[in-house]
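Okay, work.tsv now, which holds TSV, C-alpha atoms:
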```
chain	number	residue	atom	x	y	z
R	7	MET	CA	4.68	-47.98	6.82
R	8	SER	CA	7.51	-50.29	7.80
R	9	ASP	CA	6.54	-52.78	5.09
R	10	ILE	CA	7.84	-50.41	2.42
R	11	ALA	CA	11.50	-50.89	1.59
R	12	ARG	CA	13.90	-48.17	2.56
R	13	ILE	CA	17.39	-47.42	1.43
R	14	PRO	CA	19.89	-48.29	4.16
R	15	ILE	CA	22.14	-45.53	5.44
R	16	ILE	CA	25.44	-46.66	6.93
R	17	LYS	CA	27.71	-44.56	9.12
R	18	LEU	CA	31.42	-45.05	8.61
R	19	TYR	CA	34.29	-42.91	10.03
R	20	GLY	CA	32.07	-39.88	10.45
R	21	ASN	CA	30.50	-40.20	7.03
R	22	LEU	CA	27.16	-41.47	5.90
R	23	ILE	CA	27.11	-43.96	3.07
R	24	VAL	CA	24.02	-44.54	0.99
R	25	SER	CA	24.14	-47.20	-1.66
R	26	ILE	CA	21.33	-47.08	-4.18
R	27	GLN	CA	20.69	-50.52	-5.58
R	28	VAL	CA	17.03	-50.33	-6.47
R	29	SER	CA	14.91	-48.24	-8.76
R	30	LEU	CA	13.96	-45.08	-6.91
R	31	SER	CA	10.26	-44.53	-6.50
R	32	ASP	CA	8.59	-41.37	-5.23
R	33	GLN	CA	8.05	-42.97	-1.84
R	34	LEU	CA	11.63	-44.15	-1.55
R	35	VAL	CA	12.97	-40.71	-2.43
R	36	VAL	CA	10.80	-38.96	0.15
R	37	ARG	CA	11.84	-41.47	2.78
R	38	LEU	CA	15.51	-41.22	1.85
R	39	LYS	CA	15.44	-37.43	2.23
R	40	ASP	CA	13.85	-37.76	5.67
R	41	ASP	CA	16.24	-40.50	6.78
R	42	ILE	CA	19.33	-38.65	5.63
R	43	THR	CA	18.42	-35.46	7.49
R	44	THR	CA	17.69	-37.45	10.64
R	45	GLU	CA	20.96	-39.35	10.42
R	46	ILE	CA	23.01	-36.22	9.72
R	47	VAL	CA	21.70	-34.62	12.91
R	48	ARG	CA	22.02	-37.78	14.96
R	49	HIS	CA	25.58	-38.69	14.04
R	50	GLU	CA	27.02	-35.22	13.41
R	51	VAL	CA	28.57	-36.45	10.20
R	52	ARG	CA	31.07	-34.65	8.00
R	53	GLY	CA	30.23	-36.11	4.65
R	54	LEU	CA	27.65	-38.01	2.67
R	55	ILE	CA	28.51	-40.56	0.02
R	56	VAL	CA	25.87	-41.68	-2.42
R	57	ASP	CA	27.07	-44.78	-4.20
R	58	VAL	CA	25.35	-45.20	-7.55
R	59	SER	CA	27.32	-48.20	-8.81
R	60	GLY	CA	24.15	-50.27	-8.52
R	61	ILE	CA	22.14	-47.98	-10.79
R	62	ASP	CA	21.85	-49.25	-14.34
R	63	VAL	CA	19.69	-46.45	-15.68
R	64	MET	CA	19.68	-42.88	-14.47
R	65	ASP	CA	16.89	-40.76	-15.86
R	66	SER	CA	16.11	-37.13	-15.13
R	67	TYR	CA	13.92	-38.07	-12.20
R	68	ILE	CA	16.67	-39.99	-10.42
R	69	SER	CA	19.13	-37.20	-11.16
R	70	ARG	CA	16.72	-34.73	-9.62
R	71	ALA	CA	16.39	-36.93	-6.52
R	72	LEU	CA	20.18	-37.12	-6.12
R	73	ARG	CA	20.55	-33.38	-6.61
R	74	ASP	CA	17.86	-32.71	-4.00
R	75	VAL	CA	19.52	-35.00	-1.50
R	76	SER	CA	22.86	-33.28	-2.02
R	77	LEU	CA	21.32	-29.81	-1.71
R	78	ILE	CA	19.59	-30.77	1.52
R	79	ALA	CA	22.84	-32.16	2.91
R	80	ARG	CA	24.73	-29.04	1.88
R	81	LEU	CA	22.26	-26.80	3.69
R	82	MET	CA	23.03	-28.85	6.77
R	83	GLY	CA	26.76	-28.34	6.30
R	84	VAL	CA	27.50	-31.74	4.84
R	85	ASN	CA	29.28	-32.31	1.53
R	86	THR	CA	28.00	-34.98	-0.81
R	87	VAL	CA	30.13	-37.19	-3.01
R	88	ILE	CA	28.62	-39.34	-5.73
R	89	SER	CA	30.62	-42.50	-6.23
R	90	GLY	CA	30.84	-45.35	-8.68
R	91	MET	CA	28.92	-43.97	-11.59
R	92	HIS	CA	29.06	-46.37	-14.51
R	93	PRO	CA	30.91	-44.77	-17.47
R	94	VAL	CA	28.02	-45.42	-19.85
R	95	ILE	CA	25.65	-43.63	-17.49
R	96	ALA	CA	28.01	-40.66	-17.31
R	97	VAL	CA	28.03	-40.50	-21.11
R	98	THR	CA	24.23	-40.75	-21.22
R	99	LEU	CA	23.76	-37.98	-18.66
R	100	VAL	CA	25.99	-35.62	-20.61
R	101	GLU	CA	24.23	-36.46	-23.83
R	102	MET	CA	20.85	-35.76	-22.28
R	103	GLY	CA	22.12	-32.43	-21.05
R	104	LEU	CA	21.87	-33.28	-17.37
R	105	ASP	CA	24.30	-31.85	-14.90
R	106	LEU	CA	24.71	-32.90	-11.30
R	107	GLU	CA	25.92	-29.44	-10.34
R	108	GLY	CA	27.38	-28.91	-6.92
R	109	MET	CA	28.14	-32.57	-6.37
R	110	PHE	CA	31.63	-33.94	-6.19
R	111	ALA	CA	32.08	-37.24	-7.99
R	112	ALA	CA	34.54	-40.02	-7.18
R	113	MET	CA	35.44	-43.15	-9.07
R	114	ASP	CA	34.53	-45.48	-6.24
R	115	LEU	CA	33.65	-45.64	-2.58
R	116	GLU	CA	37.29	-45.66	-1.53
R	117	ALA	CA	38.08	-42.51	-3.49
R	118	ALA	CA	34.96	-40.87	-2.09
R	119	LEU	CA	36.04	-41.63	1.49
R	120	ASP	CA	39.56	-40.37	0.77
R	121	HIS	CA	38.14	-37.15	-0.60
R	122	LEU	CA	35.90	-36.54	2.39
R	123	ASN	CA	38.66	-37.37	4.88
R	124	GLN	CA	41.06	-35.04	3.12
R	125	GLN	CA	38.47	-32.29	3.16
R	126	ALA	CA	37.84	-32.89	6.84
R	127	THR	CA	41.57	-32.73	7.63
R	128	GLU	CA	41.91	-29.46	5.74
R	129	LEU	CA	38.96	-28.02	7.60
R	130	HIS	CA	40.40	-29.23	10.87
R	131	GLU	CA	43.75	-27.59	10.12
R	132	LEU	CA	41.94	-24.41	9.18
R	133	ASP	CA	40.11	-24.55	12.50
R	134	LEU	CA	43.41	-24.94	14.37
R	135	ILE	CA	44.90	-21.93	12.58
R	136	GLU	CA	41.83	-19.90	13.41
R	137	ASP	CA	42.07	-21.00	17.02
R	138	ASP	CA	45.73	-19.95	17.05
R	139	VAL	CA	44.80	-16.56	15.66
R	140	GLU	CA	42.15	-16.18	18.33
R	141	LEU	CA	44.62	-17.18	21.01
R	142	ASP	CA	47.19	-14.73	19.63
R	143	ASN	CA	44.60	-12.01	19.67
R	144	GLU	CA	43.73	-12.76	23.27
R	145	PHE	CA	47.37	-12.51	24.33
R	146	ALA	CA	47.99	-9.38	22.33
W	16	MET	CA	1.42	-57.56	-28.56
W	17	ASN	CA	2.67	-58.67	-31.92
W	18	SER	CA	3.75	-57.41	-35.27
W	19	LEU	CA	0.21	-57.71	-36.61
W	20	GLU	CA	-1.06	-55.16	-34.15
W	21	ASN	CA	1.87	-52.88	-34.91
W	22	ARG	CA	1.33	-53.12	-38.62
W	23	THR	CA	-2.37	-52.47	-38.29
W	24	LEU	CA	-1.61	-49.41	-36.21
W	25	GLU	CA	1.00	-48.29	-38.65
W	26	ILE	CA	-1.48	-48.39	-41.53
W	27	LEU	CA	-4.15	-46.61	-39.47
W	28	HIS	CA	-1.60	-43.94	-38.48
W	29	ARG	CA	-1.29	-42.93	-42.11
W	30	TYR	CA	-4.90	-41.86	-42.18
W	31	MET	CA	-5.57	-40.61	-38.68
W	32	SER	CA	-4.01	-39.47	-35.43
W	33	PRO	CA	-2.20	-42.16	-33.41
W	34	ILE	CA	-4.66	-41.76	-30.56
W	35	LEU	CA	-7.61	-42.33	-32.82
W	36	ALA	CA	-5.89	-45.26	-34.52
W	37	ARG	CA	-5.26	-46.90	-31.20
W	38	SER	CA	-8.81	-46.46	-29.98
W	39	ILE	CA	-10.26	-47.84	-33.23
W	40	LEU	CA	-7.99	-50.83	-32.95
W	41	SER	CA	-8.77	-51.57	-29.32
W	42	LEU	CA	-12.51	-51.09	-29.88
W	43	SER	CA	-12.46	-53.43	-32.87
W	44	VAL	CA	-10.61	-56.00	-30.82
W	45	SER	CA	-13.14	-55.88	-28.00
W	46	TRP	CA	-16.22	-55.75	-30.26
W	47	ALA	CA	-15.01	-58.65	-32.32
W	48	GLY	CA	-14.15	-60.49	-29.13
W	49	VAL	CA	-10.76	-61.56	-30.41
W	50	GLU	CA	-7.27	-61.50	-29.09
W	51	ILE	CA	-5.03	-59.89	-31.62
W	52	SER	CA	-1.99	-61.75	-30.37
W	53	LYS	CA	-3.70	-65.06	-31.13
W	54	LEU	CA	-5.70	-64.21	-34.19
W	55	MET	CA	-7.10	-67.39	-35.72
W	56	ALA	CA	-8.08	-67.68	-39.35
W	57	GLY	CA	-11.74	-67.59	-38.34
W	58	ASP	CA	-11.30	-64.45	-36.26
W	59	VAL	CA	-9.80	-62.38	-39.03
W	60	ALA	CA	-13.08	-61.81	-40.89
W	61	ARG	CA	-14.88	-60.73	-37.73
W	62	PHE	CA	-12.05	-58.45	-36.68
W	63	MET	CA	-11.79	-56.95	-40.15
W	64	GLU	CA	-15.52	-56.28	-40.12
W	65	GLU	CA	-15.28	-54.24	-36.91
W	66	LEU	CA	-12.17	-52.46	-38.10
W	67	THR	CA	-13.94	-51.53	-41.35
W	68	LYS	CA	-16.74	-49.83	-39.40
W	69	GLY	CA	-14.25	-47.57	-37.70
W	70	ILE	CA	-12.39	-46.82	-40.89
W	71	ILE	CA	-15.62	-45.91	-42.73
W	72	LEU	CA	-16.38	-43.47	-39.92
W	73	TYR	CA	-13.01	-41.78	-39.71
W	74	VAL	CA	-11.21	-42.12	-43.02
W	75	PRO	CA	-12.46	-39.87	-45.85
W	76	GLU	CA	-14.52	-41.75	-48.40
W	77	GLY	CA	-13.08	-42.65	-51.76
W	78	ARG	CA	-9.40	-43.24	-52.52
W	79	PRO	CA	-7.98	-43.02	-48.95
W	80	GLN	CA	-10.64	-45.27	-47.47
W	81	GLN	CA	-10.23	-47.85	-50.19
W	82	GLU	CA	-6.45	-47.80	-49.86
W	83	CYS	CA	-6.59	-48.16	-46.11
W	84	LEU	CA	-8.89	-51.17	-46.32
W	85	GLU	CA	-6.81	-52.79	-49.04
W	86	ASN	CA	-3.60	-52.37	-47.07
W	87	LEU	CA	-5.20	-53.86	-44.01
W	88	SER	CA	-6.67	-56.89	-45.75
W	89	GLU	CA	-3.25	-57.50	-47.29
W	90	ILE	CA	-1.55	-57.91	-43.94
W	91	PHE	CA	-4.34	-60.12	-42.66
W	92	GLU	CA	-4.08	-62.35	-45.71
W	93	GLU	CA	-0.41	-62.84	-44.91
W	94	THR	CA	-1.39	-63.91	-41.41
W	95	ASP	CA	-3.84	-66.40	-42.84
W	96	SER	CA	-1.15	-68.04	-44.86
W	97	GLY	CA	0.52	-68.84	-41.56
W	98	GLU	CA	4.28	-68.45	-41.14
W	99	PRO	CA	4.16	-65.87	-38.36
W	100	GLU	CA	7.07	-63.52	-38.76
W	101	GLU	CA	9.46	-63.49	-35.83
W	102	ALA	CA	9.33	-59.80	-35.11
W	103	LEU	CA	10.92	-58.12	-32.14
W	104	SER	CA	7.94	-56.40	-30.74
W	105	ARG	CA	6.92	-55.97	-27.15
W	106	PHE	CA	4.11	-54.27	-25.36
W	107	VAL	CA	4.20	-52.88	-21.84
W	108	ALA	CA	1.17	-51.48	-20.05
W	109	VAL	CA	2.25	-48.60	-17.83
W	110	ARG	CA	0.14	-47.98	-14.75
W	111	GLU	CA	2.43	-47.75	-11.77
W	112	GLU	CA	6.03	-47.05	-10.88
W	113	ASN	CA	7.06	-50.69	-11.16
W	114	ASP	CA	6.04	-50.67	-14.81
W	115	ILE	CA	8.75	-48.09	-15.47
W	116	VAL	CA	11.35	-50.68	-14.53
W	117	THR	CA	9.56	-53.34	-16.57
W	118	ALA	CA	9.38	-51.09	-19.62
W	119	ARG	CA	13.05	-50.26	-19.59
W	120	SER	CA	14.19	-53.81	-18.99
W	121	VAL	CA	12.02	-54.96	-21.88
W	122	GLY	CA	13.59	-52.22	-24.00
W	123	ARG	CA	17.00	-53.40	-22.97
W	124	GLU	CA	16.15	-56.99	-23.88
W	125	VAL	CA	15.11	-55.91	-27.37
W	126	CYS	CA	18.37	-53.95	-27.68
W	127	ILE	CA	20.36	-57.01	-26.70
W	128	GLU	CA	18.49	-59.13	-29.22
W	129	LEU	CA	19.32	-56.55	-31.87
W	130	GLY	CA	22.96	-56.68	-30.85
W	131	PHE	CA	23.14	-53.06	-29.74
W	132	PRO	CA	26.31	-52.05	-27.84
W	133	LEU	CA	26.02	-51.21	-24.15
W	134	THR	CA	26.09	-47.45	-24.72
W	135	LEU	CA	23.04	-47.68	-26.94
W	136	GLN	CA	21.28	-50.05	-24.55
W	137	VAL	CA	21.61	-47.56	-21.73
W	138	ARG	CA	20.48	-44.65	-23.91
W	139	VAL	CA	17.40	-46.52	-25.05
W	140	ALA	CA	16.63	-47.72	-21.52
W	141	THR	CA	17.00	-44.19	-20.19
W	142	ALA	CA	14.74	-42.79	-22.89
W	143	ILE	CA	12.09	-45.43	-22.17
W	144	SER	CA	12.42	-44.65	-18.48
W	145	GLU	CA	11.71	-40.96	-19.17
W	146	LEU	CA	8.67	-41.70	-21.29
W	147	ALA	CA	7.28	-44.27	-18.84
W	148	ARG	CA	7.88	-41.92	-15.94
W	149	ASN	CA	5.95	-39.19	-17.73
W	150	ILE	CA	3.02	-41.55	-18.23
W	151	VAL	CA	2.96	-42.57	-14.56
W	152	GLN	CA	3.32	-39.02	-13.27
W	153	TYR	CA	1.08	-37.10	-15.58
W	154	ALA	CA	-1.27	-39.51	-17.32
W	155	ILE	CA	-1.63	-42.28	-14.71
W	156	ARG	CA	-1.93	-44.94	-17.37
W	157	GLY	CA	-0.70	-45.60	-20.85
W	158	GLU	CA	1.30	-48.04	-22.87
W	159	ILE	CA	4.65	-48.47	-24.48
W	160	ILE	CA	5.27	-50.39	-27.66
W	161	ILE	CA	8.85	-51.35	-28.33
W	162	SER	CA	9.69	-52.80	-31.70
W	163	GLY	CA	12.97	-53.66	-33.29
W	164	THR	CA	14.16	-54.31	-36.80
W	165	LEU	CA	17.34	-56.15	-37.69
W	166	GLU	CA	17.87	-54.61	-41.12
W	167	PRO	CA	18.82	-51.91	-40.37
W	168	PRO	CA	19.32	-52.49	-36.62
W	169	CYS	CA	16.86	-50.00	-35.20
W	170	ILE	CA	14.59	-49.79	-32.23
W	171	GLU	CA	11.39	-47.81	-32.23
W	172	ILE	CA	9.42	-46.91	-29.16
W	173	VAL	CA	5.91	-45.52	-29.11
W	174	ALA	CA	4.62	-44.31	-25.76
W	175	SER	CA	0.98	-43.33	-25.73
W	176	ASP	CA	-1.42	-42.35	-23.02
W	177	SER	CA	-4.90	-40.95	-22.68
W	178	GLY	CA	-3.90	-38.44	-20.03
W	179	PRO	CA	-4.42	-34.69	-19.82
W	180	GLY	CA	-2.16	-34.01	-22.79
W	181	ILE	CA	0.36	-31.22	-23.15
W	182	ALA	CA	-1.12	-27.82	-23.93
W	183	ASP	CA	2.07	-26.19	-25.15
W	184	ILE	CA	4.58	-28.70	-26.47
W	185	ASP	CA	6.97	-25.95	-27.59
W	186	ALA	CA	7.15	-24.65	-24.03
W	187	VAL	CA	7.92	-28.09	-22.62
W	188	MET	CA	10.64	-28.60	-25.20
W	189	SER	CA	12.15	-25.14	-24.71
W	190	ASP	CA	15.42	-24.59	-22.88
W	191	SER	CA	13.85	-22.54	-20.12
W	192	TYR	CA	11.24	-25.12	-19.14
W	193	GLN	CA	11.24	-26.20	-15.50
W	194	SER	CA	9.07	-29.06	-14.36
W	195	THR	CA	7.97	-29.51	-10.79
W	196	ARG	CA	9.09	-33.09	-10.34
W	197	GLY	CA	11.96	-33.68	-12.71
W	198	MET	CA	14.86	-31.68	-14.02
W	199	GLY	CA	12.58	-30.19	-16.67
W	200	ILE	CA	14.71	-31.94	-19.20
W	201	GLY	CA	13.06	-35.34	-19.60
W	202	LEU	CA	11.65	-34.88	-23.08
W	203	LYS	CA	14.44	-32.60	-24.26
W	204	GLY	CA	17.03	-35.06	-23.00
W	205	THR	CA	15.22	-37.91	-24.70
W	206	ARG	CA	15.22	-35.98	-27.97
W	207	ASN	CA	18.94	-35.31	-27.60
W	208	MET	CA	19.71	-39.00	-27.20
W	209	MET	CA	17.57	-40.37	-30.01
W	210	ASP	CA	17.88	-40.33	-33.79
W	211	GLU	CA	14.24	-39.55	-34.30
W	212	PHE	CA	11.78	-37.93	-31.97
W	213	SER	CA	8.21	-36.88	-32.53
W	214	ILE	CA	5.49	-35.89	-30.14
W	215	SER	CA	1.83	-35.20	-30.65
W	216	SER	CA	-0.61	-34.28	-27.97
W	217	VAL	CA	-4.21	-33.21	-27.75
W	218	PRO	CA	-5.22	-31.55	-24.46
W	219	GLY	CA	-7.82	-33.72	-22.79
W	220	GLU	CA	-7.17	-36.68	-25.09
W	221	GLY	CA	-3.63	-37.80	-24.59
W	222	THR	CA	-0.07	-37.77	-25.76
W	223	VAL	CA	1.92	-39.95	-28.11
W	224	VAL	CA	5.69	-39.87	-28.22
W	225	ARG	CA	7.58	-41.80	-30.86
W	226	ILE	CA	11.33	-42.26	-30.71
W	227	LYS	CA	13.78	-44.22	-32.78
W	228	LYS	CA	17.40	-45.14	-32.37
W	229	CYS	CA	19.55	-47.03	-34.84
W	230	ASP	CA	22.89	-48.70	-34.41
W	231	ASN	CA	24.82	-47.01	-37.17
W	232	VAL	CA	28.34	-45.81	-37.68
W	233	SER	CA	27.30	-42.18	-37.91
W	234	HIS	CA	26.29	-42.48	-34.31
W	235	SER	CA	29.67	-41.47	-32.90
W	236	SER	CA	29.59	-38.25	-34.90
W	237	THR	CA	26.16	-37.30	-33.54
W	238	PHE	CA	27.55	-37.75	-30.08
W	239	GLU	CA	30.42	-35.39	-30.86
W	240	THR	CA	28.10	-32.75	-32.27
W	241	SER	CA	25.88	-32.88	-29.24
W	242	MET	CA	28.94	-32.58	-27.04
W	243	THR	CA	30.22	-29.51	-28.87
W	244	SER	CA	26.82	-27.90	-29.09
W	245	SER	CA	26.34	-28.20	-25.35
W	246	THR	CA	29.56	-26.42	-24.55
```

Would you give me this structure, written as structure tokens?
Amino acid sequence: MSDIARIPIIKLYGNLIVSIQVSLSDQLVVRLKDDITTEIVRHEVRGLIVDVSGIDVMDSYISRALRDVSLIARLMGVNTVISGMHPVIAVTLVEMGLDLEGMFAAMDLEAALDHLNQQATELHELDLIEDDVELDNEFA
Amino acid sequence: MNSLENRTLEILHRYMSPILARSILSLSVSWAGVEISKLMAGDVARFMEELTKGIILYVPEGRPQQECLENLSEIFEETDSGEPEEALSRFVAVREENDIVTARSVGREVCIELGFPLTLQVRVATAISELARNIVQYAIRGEIIISGTLEPPCIEIVASDSGPGIADIDAVMSDSYQSTRGMGIGLKGTRNMMDEFSISSVPGEGTVVRIKKCDNVSHSSTFETSMTSST
């Protein structure tokens, strides 16, 4: 099965980055879902970025694939950010009546990374506060 | 694929279902042993003869039949006189996933030739992608005919297949429809994006979807209406 192309998944600063440059086929989508779940477990990542700047046409099938990937990631505790959507594609999606609900969108990869890092920091701070509360409780 | 084939189909469509028209055309082509894209003066008579057989069978006798035959011989006479019209017409056979990409890039090329702006190009390409995807997923094989006109600048796409057909078109086009593999919005979304949309389907025989998009000034207002109606 290794002769079939797969979409590369890159790990960067605790995030996974997936850049979709090719037309998504059934096989590629199935493989991508598998690969992403494996990588999430292996690297204990915080966030997933799906860069769609290489997509020139986004039909309902591709939207469904992206939504599925993001739902899977969310069930595993990982937030997904869609980055780099071409303005014309955004317009087309709205006109078709498609909605990528539950997915955060960023202008580009950099903004997506910023967003995920910020989120991670907030969570971290929240964790610290909770730890403090627990400590306080123990001493009380 | 050329304008001749399109025009023949167009005339046949007036008298019969698109599926029937297509099968009569393709049968006539194979029985006459001609290639419609390279129809020579000598081939025309043979092709017309086969076509006539089909028309006699399926078009009611009398006025309609006569009209149909007259219209057809007219367009073939024009071909005889040479001067092939440079029409923007492309044909894509859809059998596998790769053909989806081919179909939409061909659609895009036609859009570019027509001078469509990028927003329209993407809309048309997306619509073609939806239709091609439906063929691959539900009908296995089919074809897409993309034709453009310069005056007015319009693109028309006819996607036909001989798949299982759609039993309840109204259900598929309804707001509550959920498909198993898409967002359940493919055809609805396509209709939203296009100026014209028509679908006909016979269970067990196949489905034909025809869409049209023109580059006109009123376009921006349709976009606004669809935006407000969706809110």

* Within 10 Å of chain W, which residues of chain R show up when using all atoms listed in the file, listed as a VMD selection string? -> chain R and resid 28 to 32 62 to 71 73 93 to 95 97 to 105

* Using all atoms listed in the file, determine which residues lie at most 6 Å from R:Gly20, disregarding the query and same-chain residues fewer than 2 positions distant; provide the list as a PyMOL selection string. => chain R and resi 18+51-52

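Residues of protein, DNA or RNA having at least one counted atom within 6 Å of (22.5, -43.3, 0.3), given all atoms listed in the file, are R:Ile15, R:Ile23, R:Val24, R:Ser25, R:Ile26, R:Val56.
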
* Would you list the residues near (4.8, -52.8, -29.3), meaning any protein, DNA or RNA residue with an atom at most 8 Å from that point in file coordinates, counting only C-alpha atoms, as a ChimeraX atom specification? => /W:16-18,20-21,104-107,159-162,172-173

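What separates atom CA of R:Gly83 from atom CA of R:Gln124 is a distance of 16.1 Å.
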
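With atom CA of W:Gly48 on one side and atom CA of W:Ala60 on the other, the separation reads 11.9 Å.
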
* Asked: atom CA of W:Cys126 and atom CA of W:Leu103, how far apart in Å?
  -> 9.6 Å

* To do: With a distance cut-off of 10 Å and all atoms listed in the file, select the neighbouring residues of W:Arg22, excluding the residue or stretch itself and same-chain residues fewer than 3 positions from it, and output the selection as a list of chain:residue names.
  => W:Asn17, W:Ser18, W:Leu19, W:Glu25, W:Ile26, W:Leu27, W:His28, W:Asn86, W:Leu87, W:Ile90, W:Phe91

* With a distance cut-off of 10 Å and only C-alpha atoms, select the neighbouring residues of R:Asp57, excluding the residue or stretch itself and same-chain residues fewer than 4 positions from it, and output the selection as JSON, numbers by chain. => {"R": [23, 24, 25, 26, 27, 61, 87, 88, 89, 90, 91, 111, 112, 113, 114, 115, 118]}

Would you save the residues from that selection as a tab-separated table (two decimals), in the coordinates of the input, using C-alpha atoms?
```tsv
chain	number	residue	atom	x	y	z
R	23	ILE	CA	27.11	-43.96	3.07
R	24	VAL	CA	24.02	-44.54	0.99
R	25	SER	CA	24.14	-47.20	-1.66
R	26	ILE	CA	21.33	-47.08	-4.18
R	27	GLN	CA	20.69	-50.52	-5.58
R	61	ILE	CA	22.14	-47.98	-10.79
R	87	VAL	CA	30.13	-37.19	-3.01
R	88	ILE	CA	28.62	-39.34	-5.73
R	89	SER	CA	30.62	-42.50	-6.23
R	90	GLY	CA	30.84	-45.35	-8.68
R	91	MET	CA	28.92	-43.97	-11.59
R	111	ALA	CA	32.08	-37.24	-7.99
R	112	ALA	CA	34.54	-40.02	-7.18
R	113	MET	CA	35.44	-43.15	-9.07
R	114	ASP	CA	34.53	-45.48	-6.24
R	115	LEU	CA	33.65	-45.64	-2.58
R	118	ALA	CA	34.96	-40.87	-2.09
```

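The residue that comes closest to W:Gln81, out of W:Cys169, W:Phe131, W:Ser191, W:Thr67 and on the basis of all atoms listed in the file, is W:Thr67.
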
* **Among the residues R:Ala96, R:Met109, R:Val84, R:Ala126, the one that comes closest to R:Ile42 [using all atoms listed in the file]** => R:Val84

* Could you give me, as an MDAnalysis selection string, the residues within 9 Å of stretch 174-181 of chain W, counting all atoms listed in the file and dropping anything in the same chain fewer than 3 positions from it? => chainID W and resid 33:34 109 143 146:147 150 153:161 184 187 215:226

Go ahead and dump the residues you just picked, C-alpha atoms, as a PDB file, in the coordinates of the input.
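Saved as out.pdb:
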```pdb
ATOM      1  CA  PRO W  33      -2.200 -42.160 -33.410  1.00  0.00           C
ATOM      2  CA  ILE W  34      -4.660 -41.760 -30.560  1.00  0.00           C
ATOM      3  CA  VAL W 109       2.250 -48.600 -17.830  1.00  0.00           C
ATOM      4  CA  ILE W 143      12.090 -45.430 -22.170  1.00  0.00           C
ATOM      5  CA  LEU W 146       8.670 -41.700 -21.290  1.00  0.00           C
ATOM      6  CA  ALA W 147       7.280 -44.270 -18.840  1.00  0.00           C
ATOM      7  CA  ILE W 150       3.020 -41.550 -18.230  1.00  0.00           C
ATOM      8  CA  TYR W 153       1.080 -37.100 -15.580  1.00  0.00           C
ATOM      9  CA  ALA W 154      -1.270 -39.510 -17.320  1.00  0.00           C
ATOM     10  CA  ILE W 155      -1.630 -42.280 -14.710  1.00  0.00           C
ATOM     11  CA  ARG W 156      -1.930 -44.940 -17.370  1.00  0.00           C
ATOM     12  CA  GLY W 157      -0.700 -45.600 -20.850  1.00  0.00           C
ATOM     13  CA  GLU W 158       1.300 -48.040 -22.870  1.00  0.00           C
ATOM     14  CA  ILE W 159       4.650 -48.470 -24.480  1.00  0.00           C
ATOM     15  CA  ILE W 160       5.270 -50.390 -27.660  1.00  0.00           C
ATOM     16  CA  ILE W 161       8.850 -51.350 -28.330  1.00  0.00           C
ATOM     17  CA  ILE W 184       4.580 -28.700 -26.470  1.00  0.00           C
ATOM     18  CA  VAL W 187       7.920 -28.090 -22.620  1.00  0.00           C
ATOM     19  CA  SER W 215       1.830 -35.200 -30.650  1.00  0.00           C
ATOM     20  CA  SER W 216      -0.610 -34.280 -27.970  1.00  0.00           C
ATOM     21  CA  VAL W 217      -4.210 -33.210 -27.750  1.00  0.00           C
ATOM     22  CA  PRO W 218      -5.220 -31.550 -24.460  1.00  0.00           C
ATOM     23  CA  GLY W 219      -7.820 -33.720 -22.790  1.00  0.00           C
ATOM     24  CA  GLU W 220      -7.170 -36.680 -25.090  1.00  0.00           C
ATOM     25  CA  GLY W 221      -3.630 -37.800 -24.590  1.00  0.00           C
ATOM     26  CA  THR W 222      -0.070 -37.770 -25.760  1.00  0.00           C
ATOM     27  CA  VAL W 223       1.920 -39.950 -28.110  1.00  0.00           C
ATOM     28  CA  VAL W 224       5.690 -39.870 -28.220  1.00  0.00           C
ATOM     29  CA  ARG W 225       7.580 -41.800 -30.860  1.00  0.00           C
ATOM     30  CA  ILE W 226      11.330 -42.260 -30.710  1.00  0.00           C
TER      31      ILE W 226
END
```

Assuming the input is short of atoms at stretch 21-26 of chain R, produce N, CA, C and O atoms for that part as a PDB file, in the frame of the given file.
```pdb
ATOM      1  N   ASN R  21      31.217 -40.471   8.282  1.00  0.00           N
ATOM      2  CA  ASN R  21      30.500 -40.200   7.030  1.00  0.00           C
ATOM      3  C   ASN R  21      29.270 -41.093   6.935  1.00  0.00           C
ATOM      4  O   ASN R  21      29.237 -42.178   7.513  1.00  0.00           O
ATOM      5  N   LEU R  22      28.310 -40.620   6.182  1.00  0.00           N
ATOM      6  CA  LEU R  22      27.160 -41.470   5.900  1.00  0.00           C
ATOM      7  C   LEU R  22      27.325 -42.052   4.503  1.00  0.00           C
ATOM      8  O   LEU R  22      27.734 -41.346   3.575  1.00  0.00           O
ATOM      9  N   ILE R  23      27.019 -43.328   4.380  1.00  0.00           N
ATOM     10  CA  ILE R  23      27.110 -43.960   3.070  1.00  0.00           C
ATOM     11  C   ILE R  23      25.735 -44.487   2.673  1.00  0.00           C
ATOM     12  O   ILE R  23      25.095 -45.226   3.430  1.00  0.00           O
ATOM     13  N   VAL R  24      25.293 -44.071   1.511  1.00  0.00           N
ATOM     14  CA  VAL R  24      24.020 -44.540   0.990  1.00  0.00           C
ATOM     15  C   VAL R  24      24.302 -45.229  -0.330  1.00  0.00           C
ATOM     16  O   VAL R  24      24.892 -44.634  -1.226  1.00  0.00           O
ATOM     17  N   SER R  25      23.914 -46.479  -0.414  1.00  0.00           N
ATOM     18  CA  SER R  25      24.140 -47.200  -1.660  1.00  0.00           C
ATOM     19  C   SER R  25      22.793 -47.462  -2.322  1.00  0.00           C
ATOM     20  O   SER R  25      21.935 -48.129  -1.751  1.00  0.00           O
ATOM     21  N   ILE R  26      22.622 -46.917  -3.508  1.00  0.00           N
ATOM     22  CA  ILE R  26      21.330 -47.080  -4.180  1.00  0.00           C
ATOM     23  C   ILE R  26      21.408 -48.265  -5.134  1.00  0.00           C
ATOM     24  O   ILE R  26      22.168 -48.262  -6.097  1.00  0.00           O
TER      25      ILE R  26
END
```
